[in-house]
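S.K.: I have a structure I would like to understand better, so I am pasting it below and will then ask my questions one at a time.
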Amino acid sequence: AYGFKNDSIFFNLGMAYGELNDIEKSIAAFQEALEINPDSADNRFGLAMAYYQSAIADKLAEEEFLKAIEIDPAYLDARLYLSILYVDMGELQKAGEQLQKTLKIDPAHKMAQEFLERIEKK
């Protein structure tokens with residue numbers, strides 16, 4: 001309303017709506033952030049998380065996680081949440097691949113190590 005148009009404003013708005021569990025508004029805010037800055041891995045990650053929270057947009061979440069990783073291959077949170085999404089989708093091999101890539105970037109990543117061990121037992 002005051003003429004401020006910055007992607008970080010919409011990113012923060014999307015995060016706030018996500019915390020309030022208003023997923024529809026969260027998605028809209030992240031989409032607005034991406035209109036302003038489509039090359040932001042954080043904006044892509046935020047939209048992916050909002051889609052993931054919606055529980056009906058798995059493919060959209062996957063697409064946005066992958067776009068965030070394409071922009072920033074070392075975005076470990078995007079890789080980790082993508083692996084969680086893949087497990088939810090029953091795609092354990094894809095989950096394992098993302099976890100292995102995470103560990104290649106950060107061999108000491110405890111959560112990725114433990115998650116990969118659990119997947120390999122299945």
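Within each chain, counting starts at residue 1; across the structure tokens, chains are named A, B, ... in the order shown, with ligands numbered 1 upward in that order.
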Report as an MDAnalysis selection string all protein, DNA and RNA residues lying within 9 Å of Asp7 in chain A, evaluated on only C-alpha atoms, omitting residues in the same chain fewer than 4 positions from it.
M.R.: chainID A and resid 11:12 30 32:37 40 43
S.K.: Would you put the residues from that selection into a file with N, CA, C and O atoms, as a short mmCIF file (atom, residue, chain, number, x, y, z; two decimals), in the first residue's frame?
M.R.:
data_model
loop_
_atom_site.label_atom_id
_atom_site.label_comp_id
_atom_site.auth_asym_id
_atom_site.auth_seq_id
_atom_site.Cartn_x
_atom_site.Cartn_y
_atom_site.Cartn_z
N PHE A 11 8.47 -12.55 0.76
CA PHE A 11 9.01 -13.78 1.34
C PHE A 11 8.61 -13.87 2.82
O PHE A 11 8.10 -14.90 3.28
N ASN A 12 8.85 -12.79 3.56
CA ASN A 12 8.50 -12.78 4.98
C ASN A 12 7.00 -12.93 5.20
O ASN A 12 6.56 -13.61 6.14
N PHE A 30 4.49 -15.99 -1.79
CA PHE A 30 5.73 -16.48 -2.40
C PHE A 30 5.71 -16.32 -3.92
O PHE A 30 6.73 -16.02 -4.53
N GLU A 32 4.26 -13.90 -5.47
CA GLU A 32 4.55 -12.47 -5.67
C GLU A 32 6.05 -12.21 -5.52
O GLU A 32 6.63 -11.46 -6.30
N ALA A 33 6.67 -12.84 -4.53
CA ALA A 33 8.11 -12.69 -4.35
C ALA A 33 8.86 -13.17 -5.59
O ALA A 33 9.84 -12.54 -6.02
N LEU A 34 8.39 -14.26 -6.17
CA LEU A 34 9.05 -14.81 -7.36
C LEU A 34 8.83 -13.95 -8.59
O LEU A 34 9.67 -13.92 -9.49
N GLU A 35 7.70 -13.25 -8.65
CA GLU A 35 7.49 -12.33 -9.77
C GLU A 35 8.53 -11.20 -9.73
O GLU A 35 8.99 -10.74 -10.76
N ILE A 36 8.89 -10.79 -8.52
CA ILE A 36 9.87 -9.72 -8.35
C ILE A 36 11.29 -10.25 -8.56
O ILE A 36 12.11 -9.62 -9.21
N ASN A 37 11.57 -11.42 -7.99
CA ASN A 37 12.91 -12.00 -8.08
C ASN A 37 12.82 -13.50 -8.35
O ASN A 37 12.90 -14.31 -7.42
N SER A 40 15.70 -16.17 -7.06
CA SER A 40 16.00 -16.35 -5.64
C SER A 40 15.73 -17.79 -5.22
O SER A 40 14.58 -18.26 -5.27
N ASN A 43 13.21 -17.78 -2.34
CA ASN A 43 11.80 -17.65 -2.75
C ASN A 43 11.27 -18.97 -3.29
O ASN A 43 10.14 -19.35 -3.01
#
S.K.: CA of Arg79 in chain A and CA of Phe65 in chain A, how far apart in Å?
M.R.: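 Computing it gives 7.3 Å between the two atoms.
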S.K.: Identify which of the residues A:Asn6, A:Leu85, A:Lys121, A:Gln98 lies closest to Lys59 in chain A, counting only C-alpha atoms when measuring atom-to-atom distances.
M.R.: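 Closest to Lys59 in chain A of all the choices is A:Leu85.
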S.K.: Could you give me the residues within chain A that DSSP places in alpha helix (DSSP H), as an NGL selection string?
M.R.: :A and (7-19 or 23-36 or 41-54 or 58-71 or 76-88 or 92-105 or 110-121)
S.K.: Could you tell me how far CA of Ala74 in chain A lies from CA of Asp39 in chain A, in Å and to one decimal?
M.R.: 14.9 Å
S.K.: At a cut-off of 10 Å, using only C-alpha atoms, what residues contact range 109-118 of chain A? Leave out same-chain residues fewer than 3 positions from it and give the result as a list in words.
M.R.: Leu76, Arg79, Leu80, Ser83, Ile84, Leu92, Ala95, Gly96, Glu97, Gln98, Leu99, Gln100, Lys101, Thr102, Leu103, Lys104, Ile105, Asp106, Lys121 and Lys122 of chain A
S.K.: What is the CA of Glu91 in chain A to CA of Asn21 in chain A distance in Å?
M.R.: 26.7 Å
S.K.: From the set A:Met15, A:Gln31, A:Asp77, A:Ile71, which residue has the shortest atom-to-atom contact distance to Gln53 in chain A, counting only C-alpha atoms?
M.R.: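 Residue with the minimum atom-to-atom distance to Gln53 in chain A: A:Met15.
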S.K.: Would you please work out which residue, of A:Ala61, A:Ile27, A:Leu13, A:Ile69, is nearest to Tyr86 in chain A when using only C-alpha atoms?
M.R.: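 That would be A:Ala61, the residue with the smallest distance to Tyr86 in chain A.
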S.K.: Using only C-alpha atoms, which of A:Ala108, A:Phe45, A:Gln93, A:Lys67 sits nearest Tyr81 in chain A?
M.R.: A:Phe45
